[in-house]
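Structure file target.txt (compact mmCIF, C-alpha atoms) is printed below.
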# COMPACT_ATOMS: atom_id res chain seq x y z
CA MET A 124 53.34 30.29 23.54
CA SER A 125 57.00 31.14 22.91
CA ALA A 126 58.47 31.33 19.43
CA ARG A 127 60.90 28.54 20.35
CA LEU A 128 58.06 26.20 21.33
CA ILE A 129 56.16 27.06 18.15
CA SER A 130 59.28 26.20 16.15
CA LEU A 131 59.56 22.85 17.96
CA ILE A 132 55.91 22.07 17.31
CA SER A 133 56.31 23.01 13.66
CA ALA A 134 59.34 20.76 13.33
CA ILE A 135 57.37 17.83 14.77
CA LEU A 136 54.08 18.35 12.97
CA LEU A 137 54.74 20.06 9.65
CA TYR A 138 55.54 17.97 6.61
CA PRO A 139 54.22 17.78 3.08
CA VAL A 140 50.77 16.26 2.72
CA ALA A 141 50.04 13.79 -0.06
CA GLN A 142 48.56 16.49 -2.30
CA ALA A 143 51.64 18.72 -2.09
CA ALA A 144 53.62 19.42 -5.24
CA GLU A 145 56.71 17.27 -5.70
CA GLU A 146 59.07 20.26 -5.39
CA THR A 147 57.88 20.96 -1.83
CA GLN A 148 58.63 17.43 -0.59
CA GLY A 149 60.98 17.56 2.38
CA ARG A 150 60.36 21.24 3.08
CA TYR A 151 58.24 23.09 5.61
CA MET A 152 54.78 23.92 4.38
CA ALA A 153 53.50 27.45 4.74
CA THR A 154 50.02 26.10 5.48
CA PRO A 155 48.61 27.14 8.87
CA LEU A 156 47.90 24.27 11.24
CA LYS A 157 44.40 23.65 12.55
CA GLY A 158 44.06 22.42 16.09
CA ASP A 159 44.36 23.11 19.78
CA TYR A 160 46.66 22.40 22.69
CA TYR A 161 46.10 21.48 26.33
CA LEU A 162 48.62 22.37 29.06
CA PHE A 163 48.67 20.07 32.11
CA GLY A 164 50.64 18.50 34.95
CA GLY A 165 50.59 14.89 36.13
CA THR A 166 48.79 12.78 33.58
CA LEU A 167 46.02 13.72 31.16
CA GLY A 168 43.44 11.89 33.25
CA GLU A 169 44.37 13.68 36.49
CA LYS A 170 43.56 17.21 35.26
CA THR A 171 46.36 18.60 37.43
CA LEU A 172 47.56 22.15 36.91
CA PRO A 173 51.07 22.42 35.44
CA THR A 174 53.95 23.49 37.64
CA ALA A 175 57.48 24.67 36.93
CA LYS A 176 58.73 21.08 37.34
CA ASP A 177 55.76 19.21 35.85
CA ARG A 178 54.60 20.78 32.60
CA LYS A 179 53.23 18.84 29.67
CA LEU A 180 51.40 19.70 26.46
CA SER A 181 48.92 17.75 24.39
CA PHE A 182 48.59 18.92 20.81
CA MET A 183 45.53 18.17 18.70
CA VAL A 184 45.82 18.64 14.95
CA THR A 185 42.74 18.57 12.71
CA GLY A 186 42.01 19.11 9.04
CA PRO A 187 44.05 17.86 6.06
CA LEU A 188 47.21 17.14 8.10
CA ALA A 189 45.26 14.93 10.52
CA LYS A 190 43.66 13.04 7.63
CA ASP A 191 47.05 12.51 6.00
CA LEU A 192 48.61 11.26 9.25
CA PHE A 193 45.63 8.96 9.89
CA GLU A 194 45.97 7.41 6.44
CA HIS A 195 49.71 6.81 6.86
CA ILE A 196 49.80 5.17 10.30
CA GLY A 197 47.12 2.46 9.80
CA PRO A 198 45.69 -0.05 10.26
CA ASP A 199 42.74 0.63 12.56
CA LEU A 200 43.00 -0.66 16.11
CA LYS A 201 40.33 -3.33 16.58
CA ASP A 202 40.24 -3.01 20.39
CA ALA A 203 40.36 0.80 20.53
CA CYS A 204 38.24 2.60 23.07
CA GLY A 205 34.89 3.28 21.43
CA ALA A 206 35.82 1.50 18.18
CA SER A 207 32.78 1.23 15.89
CA PRO A 208 31.85 2.00 12.28
CA ASP A 209 31.43 5.63 13.45
CA HIS A 210 34.75 5.81 15.37
CA ARG A 211 38.13 4.57 14.16
CA GLU A 212 41.51 4.87 15.84
CA ARG A 213 45.09 4.35 14.70
CA ASN A 214 48.36 4.93 16.50
CA ARG A 215 52.08 4.72 16.03
CA GLY A 216 54.30 5.31 19.07
CA ASP A 217 53.01 8.42 20.86
CA LEU A 218 50.96 9.60 17.87
CA VAL A 219 47.23 8.81 18.13
CA CYS A 220 44.82 9.61 15.28
CA VAL A 221 41.06 9.15 15.28
CA TRP A 222 38.22 9.52 12.81
CA ALA A 223 34.73 10.07 14.14
CA LYS A 224 31.60 10.42 12.06
CA GLY A 225 30.49 14.04 12.24
CA ASP A 226 33.80 15.27 13.70
CA GLY A 227 36.28 14.12 11.05
CA TYR A 228 39.97 13.50 11.69
CA ALA A 229 42.06 14.52 14.70
CA CYS A 230 45.59 13.52 15.74
CA TYR A 231 47.17 13.90 19.17
CA ILE A 232 50.74 13.92 20.39
CA GLY A 233 52.09 15.02 23.75
CA LEU A 234 55.28 16.72 24.83
CA ASP A 235 56.92 16.60 28.26
CA VAL A 236 58.32 20.13 28.40
CA GLN A 237 60.91 19.29 31.09
CA THR A 238 62.50 16.40 29.16
CA GLY A 239 61.64 17.41 25.59
CA LYS A 240 60.41 13.87 24.94
CA SER A 241 57.17 12.94 23.26
CA ILE A 242 54.40 11.37 25.33
CA LEU A 243 50.88 10.20 24.59
CA GLY A 244 48.67 13.20 23.97
CA ALA A 245 45.31 11.45 24.22
CA ILE A 246 43.53 9.05 26.53
CA CYS A 247 40.43 7.00 26.09

Can you dump the structure from the file as structure tokens?
Amino acid sequence: MSARLISLISAILLYPVAQAAEETQGRYMATPLKGDYYLFGGTLGEKTLPTAKDRKLSFMVTGPLAKDLFEHIGPDLKDACGASPDHRERNRGDLVCVWAKGDGYACYIGLDVQTGKSILGAIC
């Protein structure tokens, strides 16, 4: 992954979590992110290989940042795919966060590399 793309991801995903000291509010955190990314073409459900003209990324963030995002974008979706006491989902725009018993918190956001615009990064 290029340094420019890492900088873009950091700008989108890094912000102070609730437990951060007041003096760090509004600044980049030096805390490493936990998560993964998935590179694809077409849509997430198609599992198409990316091409030079159709390249998208789905980012999954876990750990304290995911928990903080989940808590700030509520309420839970009542009709979410798989919604139950053991699976909760919240979303705001293209940001989707879930909590699953045993797995904890995870948040997803997508990026269309060609346009630079955010897209959904998770499907049911």

Figure out the distance between atom CA of A:Leu188 and atom CA of A:Lys240, please, to one decimal in Å.
-> 21.6 Å

Taking (56.4, 9.7, 23.5) in the file's own coordinates, collect the residues within 10 Å, counting only C-alpha atoms, and hand them back as a VMD selection string.
-> chain A and resid 215 to 218 232 to 235 239 to 244

Preceding selection exported with C-alpha atoms as a CSV table (one decimal), in the frame of the given file:
chain,number,residue,atom,x,y,z
A,215,ARG,CA,52.1,4.7,16.0
A,216,GLY,CA,54.3,5.3,19.1
A,217,ASP,CA,53.0,8.4,20.9
A,218,LEU,CA,51.0,9.6,17.9
A,232,ILE,CA,50.7,13.9,20.4
A,233,GLY,CA,52.1,15.0,23.8
A,234,LEU,CA,55.3,16.7,24.8
A,235,ASP,CA,56.9,16.6,28.3
A,239,GLY,CA,61.6,17.4,25.6
A,240,LYS,CA,60.4,13.9,24.9
A,241,SER,CA,57.2,12.9,23.3
A,242,ILE,CA,54.4,11.4,25.3
A,243,LEU,CA,50.9,10.2,24.6
A,244,GLY,CA,48.7,13.2,24.0

Write out as a PDB file with C-alpha atoms, in the coordinates of the input which residues come within 9 Å of stretch 161-175 of chain A when counting only C-alpha atoms, dropping same-chain ones fewer than 5 positions away.
ATOM      1  CA  LEU A 180      51.400  19.700  26.460  1.00  0.00           C
ATOM      2  CA  SER A 181      48.920  17.750  24.390  1.00  0.00           C
ATOM      3  CA  PHE A 182      48.590  18.920  20.810  1.00  0.00           C
ATOM      4  CA  MET A 183      45.530  18.170  18.700  1.00  0.00           C
ATOM      5  CA  GLN A 237      60.910  19.290  31.090  1.00  0.00           C
ATOM      6  CA  LEU A 243      50.880  10.200  24.590  1.00  0.00           C
ATOM      7  CA  GLY A 244      48.670  13.200  23.970  1.00  0.00           C
ATOM      8  CA  ALA A 245      45.310  11.450  24.220  1.00  0.00           C
ATOM      9  CA  ILE A 246      43.530   9.050  26.530  1.00  0.00           C
TER      10      ILE A 246
END

Using atom CA of A:Val221 and atom CA of A:Met152 as the two end points, give the distance in Å to one decimal.
->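 Value for the atom CA of A:Val221-atom CA of A:Met152 distance: 22.9 Å.
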
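Of the residues listed (A:Val219, A:Cys230, A:Cys247, A:Val236), A:Cys230 shows the shortest atom-to-atom separation from A:Thr185; distances use all atoms listed in the file.
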
Long-range neighbours of A:Asp199 as a ChimeraX atom specification, 7 Å cut-off, only C-alpha atoms, 6 positions minimum in chain = /A:211-213

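Checking A:Phe193, A:Pro187, A:Lys179, A:Cys204 one by one against A:Trp222, counting all atoms listed in the file, you find the shortest gap at A:Phe193.
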
Out of A:Tyr231, A:Asp209, A:Pro198, A:Asn214, which residue has the shortest atom-to-atom distance to A:Gly158 when counting all atoms listed in the file?
->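 Residue with the minimum atom-to-atom distance to A:Gly158: A:Tyr231.
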
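Atom CA of A:Gly197 is positioned 23.9 Å from atom CA of A:Arg150.
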
Please identify all polymer residues lying at most 10 Å from the point (36.7, 13.7, 9.9) (file coordinates), using all atoms listed in the file, and present the result as number ranges by chain.
-> A: 185-187, 189-190, 210, 221-229
